[in-house]
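Novice: Provided herewith: target.cif, mmCIF, N, CA and C atoms.
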```
data_coords
loop_
_atom_site.label_atom_id
_atom_site.label_comp_id
_atom_site.auth_asym_id
_atom_site.auth_seq_id
_atom_site.Cartn_x
_atom_site.Cartn_y
_atom_site.Cartn_z
N MET Y 756 -5.77 4.01 2.56
CA MET Y 756 -4.88 4.65 3.53
C MET Y 756 -3.50 4.03 3.36
N HIS Y 757 -3.02 4.04 2.15
CA HIS Y 757 -1.72 3.43 1.88
C HIS Y 757 -0.58 4.33 2.34
N GLY Y 758 0.56 3.71 2.50
CA GLY Y 758 1.73 4.45 2.94
C GLY Y 758 2.56 5.02 1.81
N GLY Y 759 1.96 5.19 0.64
CA GLY Y 759 2.67 5.83 -0.46
C GLY Y 759 3.43 4.87 -1.35
N ILE Y 760 3.06 3.59 -1.34
CA ILE Y 760 3.81 2.61 -2.13
C ILE Y 760 3.83 2.95 -3.62
N ARG Y 761 2.79 3.61 -4.10
CA ARG Y 761 2.75 3.93 -5.52
C ARG Y 761 3.80 4.96 -5.92
N TYR Y 762 4.40 5.64 -4.94
CA TYR Y 762 5.43 6.63 -5.23
C TYR Y 762 6.85 6.04 -5.20
N LEU Y 763 6.97 4.80 -4.80
CA LEU Y 763 8.30 4.17 -4.77
C LEU Y 763 8.94 4.07 -6.16
N PRO Y 764 8.17 3.65 -7.20
CA PRO Y 764 8.82 3.56 -8.52
C PRO Y 764 9.39 4.88 -9.02
N GLN Y 765 8.84 6.00 -8.57
CA GLN Y 765 9.39 7.30 -8.96
C GLN Y 765 10.52 7.73 -8.03
N LEU Y 766 10.83 6.89 -7.05
CA LEU Y 766 11.88 7.14 -6.07
C LEU Y 766 11.63 8.42 -5.26
N ASP Y 767 10.36 8.72 -5.01
CA ASP Y 767 10.01 9.87 -4.18
C ASP Y 767 10.01 9.40 -2.72
N ILE Y 768 11.20 9.11 -2.22
CA ILE Y 768 11.38 8.53 -0.89
C ILE Y 768 10.83 9.43 0.21
N PRO Y 769 11.06 10.76 0.17
CA PRO Y 769 10.49 11.59 1.24
C PRO Y 769 8.96 11.52 1.31
N LEU Y 770 8.31 11.47 0.15
CA LEU Y 770 6.85 11.39 0.14
C LEU Y 770 6.37 10.04 0.69
N VAL Y 771 7.06 8.96 0.34
CA VAL Y 771 6.69 7.64 0.85
C VAL Y 771 6.86 7.61 2.37
N ARG Y 772 7.96 8.13 2.85
CA ARG Y 772 8.20 8.16 4.31
C ARG Y 772 7.12 8.98 5.02
N GLU Y 773 6.80 10.14 4.46
CA GLU Y 773 5.77 11.00 5.05
C GLU Y 773 4.41 10.27 5.09
N ALA Y 774 4.07 9.59 4.01
CA ALA Y 774 2.79 8.86 3.95
C ALA Y 774 2.77 7.72 4.96
N LEU Y 775 3.89 7.03 5.14
CA LEU Y 775 3.96 5.94 6.11
C LEU Y 775 3.84 6.46 7.54
N VAL Y 776 4.46 7.59 7.83
CA VAL Y 776 4.35 8.19 9.16
C VAL Y 776 2.89 8.59 9.42
N GLU Y 777 2.27 9.22 8.43
CA GLU Y 777 0.87 9.64 8.57
C GLU Y 777 -0.04 8.43 8.73
N ARG Y 778 0.23 7.38 7.97
CA ARG Y 778 -0.56 6.14 8.11
C ARG Y 778 -0.46 5.62 9.54
N GLY Y 779 0.75 5.64 10.09
CA GLY Y 779 0.95 5.18 11.47
C GLY Y 779 0.17 6.03 12.47
N ARG Y 780 0.19 7.34 12.26
CA ARG Y 780 -0.58 8.23 13.15
C ARG Y 780 -2.06 7.92 13.10
N LEU Y 781 -2.58 7.74 11.89
CA LEU Y 781 -4.01 7.48 11.74
C LEU Y 781 -4.39 6.12 12.33
N LEU Y 782 -3.54 5.14 12.17
CA LEU Y 782 -3.81 3.82 12.78
C LEU Y 782 -3.85 3.94 14.31
N ARG Y 783 -2.98 4.75 14.84
CA ARG Y 783 -2.91 4.93 16.29
C ARG Y 783 -4.05 5.80 16.82
N ASN Y 784 -4.35 6.90 16.11
CA ASN Y 784 -5.33 7.86 16.58
C ASN Y 784 -6.77 7.56 16.19
N ALA Y 785 -6.96 6.79 15.15
CA ALA Y 785 -8.32 6.51 14.68
C ALA Y 785 -8.48 5.04 14.30
N PRO Y 786 -8.23 4.13 15.24
CA PRO Y 786 -8.33 2.70 14.90
C PRO Y 786 -9.74 2.27 14.52
N HIS Y 787 -10.73 3.08 14.87
CA HIS Y 787 -12.11 2.78 14.49
C HIS Y 787 -12.38 3.18 13.02
N LEU Y 788 -11.46 3.93 12.43
CA LEU Y 788 -11.63 4.38 11.04
C LEU Y 788 -10.55 3.85 10.09
N VAL Y 789 -9.42 3.47 10.64
CA VAL Y 789 -8.29 2.99 9.82
C VAL Y 789 -7.84 1.66 10.38
N HIS Y 790 -7.70 0.65 9.51
CA HIS Y 790 -7.28 -0.66 10.00
C HIS Y 790 -6.27 -1.30 9.04
N PRO Y 791 -5.41 -2.16 9.59
CA PRO Y 791 -4.41 -2.83 8.75
C PRO Y 791 -5.08 -3.70 7.68
N LEU Y 792 -4.43 -3.82 6.55
CA LEU Y 792 -4.92 -4.63 5.45
C LEU Y 792 -3.74 -5.29 4.76
N THR Y 793 -3.86 -6.58 4.52
CA THR Y 793 -2.80 -7.34 3.85
C THR Y 793 -3.11 -7.43 2.36
N PHE Y 794 -2.09 -7.21 1.54
CA PHE Y 794 -2.23 -7.26 0.09
C PHE Y 794 -1.41 -8.41 -0.48
N ILE Y 795 -1.89 -8.94 -1.59
CA ILE Y 795 -1.12 -9.92 -2.36
C ILE Y 795 -0.79 -9.29 -3.70
N LEU Y 796 0.48 -9.30 -4.04
CA LEU Y 796 0.94 -8.77 -5.31
C LEU Y 796 1.40 -9.96 -6.16
N PRO Y 797 0.57 -10.40 -7.12
CA PRO Y 797 0.94 -11.55 -7.94
C PRO Y 797 1.96 -11.15 -9.01
N LEU Y 798 2.79 -12.08 -9.38
CA LEU Y 798 3.77 -11.84 -10.43
C LEU Y 798 3.58 -12.91 -11.50
N TYR Y 799 3.20 -12.47 -12.68
CA TYR Y 799 2.95 -13.37 -13.81
C TYR Y 799 4.14 -13.40 -14.75
N ALA Y 800 4.24 -14.46 -15.53
CA ALA Y 800 5.32 -14.58 -16.51
C ALA Y 800 5.28 -13.41 -17.50
N SER Y 801 4.10 -12.89 -17.75
CA SER Y 801 3.94 -11.78 -18.71
C SER Y 801 4.16 -10.41 -18.07
N SER Y 802 4.40 -10.36 -16.76
CA SER Y 802 4.56 -9.07 -16.08
C SER Y 802 5.79 -8.33 -16.60
N ARG Y 803 5.60 -7.06 -16.90
CA ARG Y 803 6.70 -6.23 -17.37
C ARG Y 803 6.81 -4.94 -16.56
N HIS Y 804 5.68 -4.30 -16.26
CA HIS Y 804 5.65 -3.02 -15.56
C HIS Y 804 4.70 -3.07 -14.35
N PRO Y 805 4.83 -4.02 -13.44
CA PRO Y 805 3.90 -4.03 -12.32
C PRO Y 805 4.14 -2.83 -11.40
N VAL Y 806 3.10 -2.43 -10.75
CA VAL Y 806 3.10 -1.31 -9.79
C VAL Y 806 3.80 -0.06 -10.31
N GLY Y 807 3.66 0.19 -11.60
CA GLY Y 807 4.14 1.44 -12.16
C GLY Y 807 5.64 1.59 -12.32
N LEU Y 808 6.37 0.49 -12.42
CA LEU Y 808 7.82 0.61 -12.61
C LEU Y 808 8.10 1.37 -13.91
N PRO Y 809 8.98 2.36 -13.85
CA PRO Y 809 9.26 3.17 -15.04
C PRO Y 809 10.13 2.45 -16.07
N ILE Y 810 10.79 1.38 -15.66
CA ILE Y 810 11.64 0.62 -16.59
C ILE Y 810 11.13 -0.82 -16.63
N ALA Y 811 11.44 -1.48 -17.71
CA ALA Y 811 11.05 -2.88 -17.85
C ALA Y 811 12.31 -3.70 -18.07
N PRO Y 812 12.61 -4.59 -17.13
CA PRO Y 812 13.75 -5.47 -17.37
C PRO Y 812 13.48 -6.34 -18.59
N PRO Y 813 14.50 -6.68 -19.37
CA PRO Y 813 14.29 -7.51 -20.56
C PRO Y 813 13.59 -8.82 -20.20
N PHE Y 814 12.48 -9.06 -20.86
CA PHE Y 814 11.69 -10.29 -20.67
C PHE Y 814 11.23 -10.46 -19.22
N GLY Y 815 11.21 -9.39 -18.46
CA GLY Y 815 10.77 -9.46 -17.07
C GLY Y 815 11.77 -10.11 -16.13
N MET Y 816 13.00 -10.36 -16.64
CA MET Y 816 14.01 -11.01 -15.81
C MET Y 816 14.40 -10.10 -14.65
N GLY Y 817 14.47 -10.66 -13.47
CA GLY Y 817 14.88 -9.91 -12.31
C GLY Y 817 13.76 -9.08 -11.69
N LEU Y 818 12.57 -9.17 -12.25
CA LEU Y 818 11.46 -8.39 -11.73
C LEU Y 818 11.13 -8.77 -10.30
N ASP Y 819 11.21 -10.05 -9.99
CA ASP Y 819 10.95 -10.49 -8.62
C ASP Y 819 11.95 -9.88 -7.64
N LEU Y 820 13.20 -9.76 -8.05
CA LEU Y 820 14.22 -9.14 -7.20
C LEU Y 820 13.95 -7.64 -7.02
N ILE Y 821 13.51 -6.98 -8.09
CA ILE Y 821 13.18 -5.55 -8.01
C ILE Y 821 12.02 -5.34 -7.04
N LEU Y 822 10.98 -6.16 -7.16
CA LEU Y 822 9.82 -6.03 -6.27
C LEU Y 822 10.19 -6.35 -4.83
N ASP Y 823 10.99 -7.38 -4.63
CA ASP Y 823 11.42 -7.75 -3.28
C ASP Y 823 12.21 -6.60 -2.65
N THR Y 824 13.08 -5.99 -3.43
CA THR Y 824 13.88 -4.87 -2.94
C THR Y 824 13.00 -3.66 -2.62
N GLY Y 825 12.07 -3.35 -3.51
CA GLY Y 825 11.16 -2.23 -3.28
C GLY Y 825 10.30 -2.42 -2.05
N LEU Y 826 9.78 -3.63 -1.85
CA LEU Y 826 8.96 -3.91 -0.67
C LEU Y 826 9.80 -3.88 0.61
N ALA Y 827 11.05 -4.32 0.51
CA ALA Y 827 11.94 -4.23 1.68
C ALA Y 827 12.19 -2.77 2.04
N LEU Y 828 12.37 -1.93 1.04
CA LEU Y 828 12.54 -0.49 1.29
C LEU Y 828 11.28 0.09 1.93
N TYR Y 829 10.12 -0.33 1.44
CA TYR Y 829 8.85 0.13 2.01
C TYR Y 829 8.75 -0.26 3.48
N ASP Y 830 9.12 -1.50 3.79
CA ASP Y 830 9.13 -1.96 5.19
C ASP Y 830 10.07 -1.10 6.02
N GLU Y 831 11.26 -0.85 5.50
CA GLU Y 831 12.28 -0.08 6.22
C GLU Y 831 11.83 1.36 6.46
N LEU Y 832 11.23 1.97 5.45
CA LEU Y 832 10.78 3.35 5.58
C LEU Y 832 9.67 3.50 6.62
N ALA Y 833 8.89 2.43 6.83
CA ALA Y 833 7.83 2.48 7.84
C ALA Y 833 8.40 2.48 9.25
N GLY Y 834 9.62 1.97 9.40
CA GLY Y 834 10.28 1.96 10.71
C GLY Y 834 9.46 1.23 11.76
N LYS Y 835 9.33 1.83 12.94
CA LYS Y 835 8.60 1.21 14.05
C LYS Y 835 7.12 1.05 13.74
N GLN Y 836 6.65 1.80 12.76
CA GLN Y 836 5.23 1.75 12.43
C GLN Y 836 4.91 0.73 11.34
N ASN Y 837 5.88 -0.12 11.02
CA ASN Y 837 5.64 -1.15 10.02
C ASN Y 837 4.56 -2.11 10.51
N LEU Y 838 3.67 -2.47 9.64
CA LEU Y 838 2.54 -3.34 10.00
C LEU Y 838 2.86 -4.81 9.85
N GLY Y 839 3.99 -5.12 9.32
CA GLY Y 839 4.42 -6.50 9.11
C GLY Y 839 5.39 -6.55 7.95
N LYS Y 840 6.36 -7.41 8.07
CA LYS Y 840 7.39 -7.54 7.03
C LYS Y 840 6.80 -8.25 5.81
N HIS Y 841 7.10 -7.71 4.65
CA HIS Y 841 6.63 -8.36 3.42
C HIS Y 841 7.31 -9.72 3.29
N ARG Y 842 6.74 -10.57 2.50
CA ARG Y 842 7.40 -11.84 2.21
C ARG Y 842 6.95 -12.36 0.85
N ARG Y 843 7.84 -13.12 0.27
CA ARG Y 843 7.54 -13.75 -1.01
C ARG Y 843 6.76 -15.03 -0.74
N ILE Y 844 5.78 -15.32 -1.58
CA ILE Y 844 5.02 -16.57 -1.44
C ILE Y 844 5.03 -17.30 -2.78
N ASP Y 845 4.93 -18.61 -2.71
CA ASP Y 845 4.96 -19.38 -3.95
C ASP Y 845 3.59 -19.35 -4.64
N ARG Y 846 3.58 -19.84 -5.84
CA ARG Y 846 2.38 -19.83 -6.70
C ARG Y 846 1.18 -20.45 -5.99
N ASP Y 847 1.39 -21.60 -5.34
CA ASP Y 847 0.27 -22.28 -4.68
C ASP Y 847 -0.34 -21.44 -3.57
N GLU Y 848 0.51 -20.76 -2.80
CA GLU Y 848 -0.02 -19.92 -1.73
C GLU Y 848 -0.74 -18.70 -2.28
N VAL Y 849 -0.24 -18.14 -3.38
CA VAL Y 849 -0.93 -17.02 -4.01
C VAL Y 849 -2.34 -17.45 -4.39
N LEU Y 850 -2.44 -18.60 -5.05
CA LEU Y 850 -3.75 -19.07 -5.50
C LEU Y 850 -4.66 -19.46 -4.34
N ALA Y 851 -4.08 -19.99 -3.27
CA ALA Y 851 -4.88 -20.35 -2.10
C ALA Y 851 -5.45 -19.10 -1.42
N ARG Y 852 -4.67 -18.02 -1.41
CA ARG Y 852 -5.09 -16.80 -0.73
C ARG Y 852 -5.97 -15.91 -1.62
N ALA Y 853 -5.82 -16.03 -2.93
CA ALA Y 853 -6.58 -15.19 -3.87
C ALA Y 853 -7.12 -16.08 -4.98
N ARG Y 854 -8.17 -16.78 -4.67
CA ARG Y 854 -8.74 -17.76 -5.61
C ARG Y 854 -9.25 -17.14 -6.90
N CYS Y 855 -9.50 -15.85 -6.89
CA CYS Y 855 -10.05 -15.18 -8.08
C CYS Y 855 -8.99 -14.91 -9.15
N LEU Y 856 -7.72 -15.09 -8.82
CA LEU Y 856 -6.66 -14.83 -9.79
C LEU Y 856 -6.62 -15.91 -10.87
N THR Y 857 -6.23 -15.51 -12.06
CA THR Y 857 -6.04 -16.44 -13.16
C THR Y 857 -4.75 -17.22 -12.93
N PRO Y 858 -4.83 -18.54 -12.87
CA PRO Y 858 -3.61 -19.32 -12.59
C PRO Y 858 -2.62 -19.38 -13.75
N ALA Y 859 -3.11 -19.24 -14.99
CA ALA Y 859 -2.22 -19.35 -16.15
C ALA Y 859 -1.14 -18.27 -16.12
N GLY Y 860 0.10 -18.69 -16.13
CA GLY Y 860 1.23 -17.77 -16.17
C GLY Y 860 1.66 -17.21 -14.82
N LEU Y 861 0.93 -17.55 -13.76
CA LEU Y 861 1.30 -17.05 -12.43
C LEU Y 861 2.59 -17.73 -11.98
N LYS Y 862 3.59 -16.91 -11.59
CA LYS Y 862 4.88 -17.46 -11.17
C LYS Y 862 5.03 -17.48 -9.66
N THR Y 863 4.79 -16.35 -9.05
CA THR Y 863 5.01 -16.19 -7.61
C THR Y 863 4.22 -14.98 -7.15
N GLY Y 864 4.44 -14.56 -5.93
CA GLY Y 864 3.76 -13.37 -5.45
C GLY Y 864 4.41 -12.87 -4.17
N PHE Y 865 3.92 -11.74 -3.71
CA PHE Y 865 4.41 -11.13 -2.48
C PHE Y 865 3.22 -10.74 -1.62
N ILE Y 866 3.41 -10.83 -0.32
CA ILE Y 866 2.45 -10.31 0.63
C ILE Y 866 3.09 -9.07 1.25
N TYR Y 867 2.33 -7.99 1.29
CA TYR Y 867 2.81 -6.81 2.02
C TYR Y 867 1.63 -6.21 2.77
N HIS Y 868 1.95 -5.32 3.69
CA HIS Y 868 0.94 -4.80 4.61
C HIS Y 868 0.79 -3.30 4.48
N ASP Y 869 -0.45 -2.87 4.48
CA ASP Y 869 -0.79 -1.46 4.40
C ASP Y 869 -2.01 -1.23 5.26
N ALA Y 870 -2.83 -0.26 4.92
CA ALA Y 870 -4.01 0.03 5.73
C ALA Y 870 -5.15 0.49 4.83
N GLN Y 871 -6.35 0.48 5.40
CA GLN Y 871 -7.55 0.86 4.66
C GLN Y 871 -8.42 1.76 5.53
N THR Y 872 -9.14 2.65 4.88
CA THR Y 872 -10.09 3.50 5.60
C THR Y 872 -11.30 3.76 4.72
N ASP Y 873 -12.36 4.19 5.36
CA ASP Y 873 -13.52 4.73 4.66
C ASP Y 873 -13.27 6.23 4.62
N ASP Y 874 -12.87 6.74 3.47
CA ASP Y 874 -12.43 8.14 3.40
C ASP Y 874 -13.55 9.12 3.75
N THR Y 875 -14.79 8.79 3.48
CA THR Y 875 -15.89 9.68 3.83
C THR Y 875 -16.03 9.79 5.35
N ARG Y 876 -16.02 8.65 6.03
CA ARG Y 876 -16.13 8.66 7.49
C ARG Y 876 -14.93 9.37 8.12
N LEU Y 877 -13.74 9.15 7.58
CA LEU Y 877 -12.54 9.82 8.11
C LEU Y 877 -12.64 11.33 7.92
N THR Y 878 -13.07 11.76 6.74
CA THR Y 878 -13.22 13.20 6.48
C THR Y 878 -14.24 13.82 7.42
N LEU Y 879 -15.37 13.16 7.61
CA LEU Y 879 -16.39 13.68 8.52
C LEU Y 879 -15.88 13.74 9.95
N ALA Y 880 -15.11 12.76 10.37
CA ALA Y 880 -14.55 12.77 11.73
C ALA Y 880 -13.59 13.95 11.90
N VAL Y 881 -12.77 14.21 10.89
CA VAL Y 881 -11.83 15.35 10.95
C VAL Y 881 -12.61 16.66 11.01
N LEU Y 882 -13.65 16.77 10.19
CA LEU Y 882 -14.47 17.98 10.20
C LEU Y 882 -15.16 18.18 11.55
N ARG Y 883 -15.70 17.12 12.11
CA ARG Y 883 -16.36 17.22 13.43
C ARG Y 883 -15.36 17.67 14.49
N THR Y 884 -14.18 17.08 14.47
CA THR Y 884 -13.16 17.45 15.45
C THR Y 884 -12.74 18.91 15.28
N ALA Y 885 -12.57 19.32 14.03
CA ALA Y 885 -12.20 20.72 13.76
C ALA Y 885 -13.28 21.66 14.28
N ALA Y 886 -14.55 21.33 14.04
CA ALA Y 886 -15.65 22.18 14.51
C ALA Y 886 -15.69 22.24 16.03
N GLU Y 887 -15.42 21.12 16.68
CA GLU Y 887 -15.40 21.09 18.14
C GLU Y 887 -14.30 21.98 18.71
N HIS Y 888 -13.26 22.21 17.92
CA HIS Y 888 -12.16 23.07 18.35
C HIS Y 888 -12.27 24.49 17.81
N GLY Y 889 -13.46 24.84 17.31
CA GLY Y 889 -13.72 26.22 16.91
C GLY Y 889 -13.52 26.55 15.44
N ALA Y 890 -13.22 25.57 14.62
CA ALA Y 890 -13.03 25.87 13.19
C ALA Y 890 -14.37 26.22 12.56
N LEU Y 891 -14.33 27.08 11.58
CA LEU Y 891 -15.50 27.43 10.80
C LEU Y 891 -15.50 26.53 9.57
N LEU Y 892 -16.60 25.80 9.38
CA LEU Y 892 -16.69 24.87 8.26
C LEU Y 892 -17.54 25.49 7.16
N ALA Y 893 -17.15 25.25 5.92
CA ALA Y 893 -17.91 25.74 4.78
C ALA Y 893 -17.96 24.66 3.72
N ASN Y 894 -19.09 24.56 3.06
CA ASN Y 894 -19.27 23.61 1.97
C ASN Y 894 -19.52 24.43 0.72
N LEU Y 895 -18.54 24.49 -0.15
CA LEU Y 895 -18.65 25.27 -1.38
C LEU Y 895 -19.03 24.34 -2.51
N LEU Y 896 -20.12 24.66 -3.17
CA LEU Y 896 -20.56 23.86 -4.30
C LEU Y 896 -19.99 24.44 -5.59
N ALA Y 897 -19.48 23.55 -6.43
CA ALA Y 897 -18.95 23.99 -7.73
C ALA Y 897 -20.12 24.29 -8.65
N ARG Y 898 -19.98 25.33 -9.44
CA ARG Y 898 -21.06 25.68 -10.38
C ARG Y 898 -20.64 25.39 -11.77
#
```
Would you mind writing the file out in structure tokens?
Specialist:
Amino acid sequence: MHGGIRYLPQLDIPLVREALVERGRLLRNAPHLVHPLTFILPLYASSRHPVGLPIAPPFGMGLDLILDTGLALYDELAGKQNLGKHRRIDRDEVLARARCLTPAGLKTGFIYHDAQTDDTRLTLAVLRTAAEHGALLANLLAR
């Protein structure tokens, strides 16, 4: 139940904003199905194209600034529905929070906030609500 962060590198700002607004609605209207989730985005010395960036800075220089700027934009686009401000964390904190990461080459990382859902349960809840309001439901099997 992400707020469209994967669309930021393509600069599809309206889609990201729409996804963040929808995420906020679902968090508010279905807290039993959608809940906040914190992510760690590690940055390695070998990183060149993290999170789908369409360009690669030479030797990865300035990548941390690009990610920090992108996450700040993500926070801003969420507006009042932001789940928490992103922040940069040092290598030790990245490893303390995500012990499964390979330490070799790890430089720094970022924490940002999004949301998670069980999409099957959410879909069934929407279908049940629609049926309660008179919608006709159909299950079409592909042949």
Novice: Between atom N of Ala890 (chain Y) and atom N of Arg876 (chain Y), what is the distance, to one decimal in Å?
Specialist: 19.2 Å
Novice: Give me the result of the PyMOL selection byres ((chain Y and resi 826-840) around 6) on this file, residue by residue, as a list in words.
Specialist: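 Applying the PyMOL selection byres ((chain Y and resi 826-840) around 6) to the structure shown produces Arg772, Leu775, Gly779, Ile821, Leu822, Asp823, Thr824, Gly825, His841, Arg842, Ile866, Tyr867 and His868 of chain Y.
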Novice: Check the DSSP output for the backbone and give back, as a list in words, the residues of chain Y in strand (DSSP E or B).
Specialist: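 Output for chain Y, strand (DSSP E or B) only: Val789, His790, Pro791, Leu792, Thr793, Phe794, Ile795, Leu796, Pro797, Leu798, Tyr799, Arg842, Arg843, Ile844, Asp845, Leu861, Lys862, Thr863, Gly864, Phe865, Ile866, Tyr867, His868, Asp869, Ala870, Gln871 and Thr872 of chain Y.
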Novice: For the selection you just gave me, I'd like the residues written to a file as a PDB file, keeping the file's coordinate frame, keeping N, CA and C atoms.
Specialist:
```
ATOM      1  N   VAL Y 789      -9.420   3.470  10.640  1.00  0.00           N
ATOM      2  CA  VAL Y 789      -8.290   2.990   9.820  1.00  0.00           C
ATOM      3  C   VAL Y 789      -7.840   1.660  10.380  1.00  0.00           C
ATOM      4  N   HIS Y 790      -7.700   0.650   9.510  1.00  0.00           N
ATOM      5  CA  HIS Y 790      -7.280  -0.660  10.000  1.00  0.00           C
ATOM      6  C   HIS Y 790      -6.270  -1.300   9.040  1.00  0.00           C
ATOM      7  N   PRO Y 791      -5.410  -2.160   9.590  1.00  0.00           N
ATOM      8  CA  PRO Y 791      -4.410  -2.830   8.750  1.00  0.00           C
ATOM      9  C   PRO Y 791      -5.080  -3.700   7.680  1.00  0.00           C
ATOM     10  N   LEU Y 792      -4.430  -3.820   6.550  1.00  0.00           N
ATOM     11  CA  LEU Y 792      -4.920  -4.630   5.450  1.00  0.00           C
ATOM     12  C   LEU Y 792      -3.740  -5.290   4.760  1.00  0.00           C
ATOM     13  N   THR Y 793      -3.860  -6.580   4.520  1.00  0.00           N
ATOM     14  CA  THR Y 793      -2.800  -7.340   3.850  1.00  0.00           C
ATOM     15  C   THR Y 793      -3.110  -7.430   2.360  1.00  0.00           C
ATOM     16  N   PHE Y 794      -2.090  -7.210   1.540  1.00  0.00           N
ATOM     17  CA  PHE Y 794      -2.230  -7.260   0.090  1.00  0.00           C
ATOM     18  C   PHE Y 794      -1.410  -8.410  -0.480  1.00  0.00           C
ATOM     19  N   ILE Y 795      -1.890  -8.940  -1.590  1.00  0.00           N
ATOM     20  CA  ILE Y 795      -1.120  -9.920  -2.360  1.00  0.00           C
ATOM     21  C   ILE Y 795      -0.790  -9.290  -3.700  1.00  0.00           C
ATOM     22  N   LEU Y 796       0.480  -9.300  -4.040  1.00  0.00           N
ATOM     23  CA  LEU Y 796       0.940  -8.770  -5.310  1.00  0.00           C
ATOM     24  C   LEU Y 796       1.400  -9.960  -6.160  1.00  0.00           C
ATOM     25  N   PRO Y 797       0.570 -10.400  -7.120  1.00  0.00           N
ATOM     26  CA  PRO Y 797       0.940 -11.550  -7.940  1.00  0.00           C
ATOM     27  C   PRO Y 797       1.960 -11.150  -9.010  1.00  0.00           C
ATOM     28  N   LEU Y 798       2.790 -12.080  -9.380  1.00  0.00           N
ATOM     29  CA  LEU Y 798       3.770 -11.840 -10.430  1.00  0.00           C
ATOM     30  C   LEU Y 798       3.580 -12.910 -11.500  1.00  0.00           C
ATOM     31  N   TYR Y 799       3.200 -12.470 -12.680  1.00  0.00           N
ATOM     32  CA  TYR Y 799       2.950 -13.370 -13.810  1.00  0.00           C
ATOM     33  C   TYR Y 799       4.140 -13.400 -14.750  1.00  0.00           C
ATOM     34  N   ARG Y 842       6.740 -10.570   2.500  1.00  0.00           N
ATOM     35  CA  ARG Y 842       7.400 -11.840   2.210  1.00  0.00           C
ATOM     36  C   ARG Y 842       6.950 -12.360   0.850  1.00  0.00           C
ATOM     37  N   ARG Y 843       7.840 -13.120   0.270  1.00  0.00           N
ATOM     38  CA  ARG Y 843       7.540 -13.750  -1.010  1.00  0.00           C
ATOM     39  C   ARG Y 843       6.760 -15.030  -0.740  1.00  0.00           C
ATOM     40  N   ILE Y 844       5.780 -15.320  -1.580  1.00  0.00           N
ATOM     41  CA  ILE Y 844       5.020 -16.570  -1.440  1.00  0.00           C
ATOM     42  C   ILE Y 844       5.030 -17.300  -2.780  1.00  0.00           C
ATOM     43  N   ASP Y 845       4.930 -18.610  -2.710  1.00  0.00           N
ATOM     44  CA  ASP Y 845       4.960 -19.380  -3.950  1.00  0.00           C
ATOM     45  C   ASP Y 845       3.590 -19.350  -4.640  1.00  0.00           C
ATOM     46  N   LEU Y 861       0.930 -17.550 -13.760  1.00  0.00           N
ATOM     47  CA  LEU Y 861       1.300 -17.050 -12.430  1.00  0.00           C
ATOM     48  C   LEU Y 861       2.590 -17.730 -11.980  1.00  0.00           C
ATOM     49  N   LYS Y 862       3.590 -16.910 -11.590  1.00  0.00           N
ATOM     50  CA  LYS Y 862       4.880 -17.460 -11.170  1.00  0.00           C
ATOM     51  C   LYS Y 862       5.030 -17.480  -9.660  1.00  0.00           C
ATOM     52  N   THR Y 863       4.790 -16.350  -9.050  1.00  0.00           N
ATOM     53  CA  THR Y 863       5.010 -16.190  -7.610  1.00  0.00           C
ATOM     54  C   THR Y 863       4.220 -14.980  -7.150  1.00  0.00           C
ATOM     55  N   GLY Y 864       4.440 -14.560  -5.930  1.00  0.00           N
ATOM     56  CA  GLY Y 864       3.760 -13.370  -5.450  1.00  0.00           C
ATOM     57  C   GLY Y 864       4.410 -12.870  -4.170  1.00  0.00           C
ATOM     58  N   PHE Y 865       3.920 -11.740  -3.710  1.00  0.00           N
ATOM     59  CA  PHE Y 865       4.410 -11.130  -2.480  1.00  0.00           C
ATOM     60  C   PHE Y 865       3.220 -10.740  -1.620  1.00  0.00           C
ATOM     61  N   ILE Y 866       3.410 -10.830  -0.320  1.00  0.00           N
ATOM     62  CA  ILE Y 866       2.450 -10.310   0.630  1.00  0.00           C
ATOM     63  C   ILE Y 866       3.090  -9.070   1.250  1.00  0.00           C
ATOM     64  N   TYR Y 867       2.330  -7.990   1.290  1.00  0.00           N
ATOM     65  CA  TYR Y 867       2.810  -6.810   2.020  1.00  0.00           C
ATOM     66  C   TYR Y 867       1.630  -6.210   2.770  1.00  0.00           C
ATOM     67  N   HIS Y 868       1.950  -5.320   3.690  1.00  0.00           N
ATOM     68  CA  HIS Y 868       0.940  -4.800   4.610  1.00  0.00           C
ATOM     69  C   HIS Y 868       0.790  -3.300   4.480  1.00  0.00           C
ATOM     70  N   ASP Y 869      -0.450  -2.870   4.480  1.00  0.00           N
ATOM     71  CA  ASP Y 869      -0.790  -1.460   4.400  1.00  0.00           C
ATOM     72  C   ASP Y 869      -2.010  -1.230   5.260  1.00  0.00           C
ATOM     73  N   ALA Y 870      -2.830  -0.260   4.920  1.00  0.00           N
ATOM     74  CA  ALA Y 870      -4.010   0.030   5.730  1.00  0.00           C
ATOM     75  C   ALA Y 870      -5.150   0.490   4.830  1.00  0.00           C
ATOM     76  N   GLN Y 871      -6.350   0.480   5.400  1.00  0.00           N
ATOM     77  CA  GLN Y 871      -7.550   0.860   4.660  1.00  0.00           C
ATOM     78  C   GLN Y 871      -8.420   1.760   5.530  1.00  0.00           C
ATOM     79  N   THR Y 872      -9.140   2.650   4.880  1.00  0.00           N
ATOM     80  CA  THR Y 872     -10.090   3.500   5.600  1.00  0.00           C
ATOM     81  C   THR Y 872     -11.300   3.760   4.720  1.00  0.00           C
TER      82      THR Y 872
END
```
Novice: Quick check, in Å to one decimal: how far apart do atom C of Lys862 (chain Y) and CA of Thr793 (chain Y) lie?
Specialist: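 Value for the atom C of Lys862 (chain Y)-CA of Thr793 (chain Y) distance: 18.6 Å.
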Novice: Looking at Y:Leu891, Y:Ala774, Y:Leu766, Y:Val789, which one is nearest to Leu877 (chain Y), with distances taken over only C-alpha atoms?
Specialist: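 Counting only C-alpha atoms, the residue closest to Leu877 (chain Y) is Y:Val789.
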Novice: At what distance in Å, to one decimal, does CA of Arg846 (chain Y) lie from atom N of Pro858 (chain Y)?
Specialist: 9.6 Å
Novice: Tell me which of Y:Ser802, Y:Leu882, Y:Asn894, Y:Ile795 sits closest to Arg852 (chain Y), counting all atoms listed in the file.
Specialist: Y:Ile795
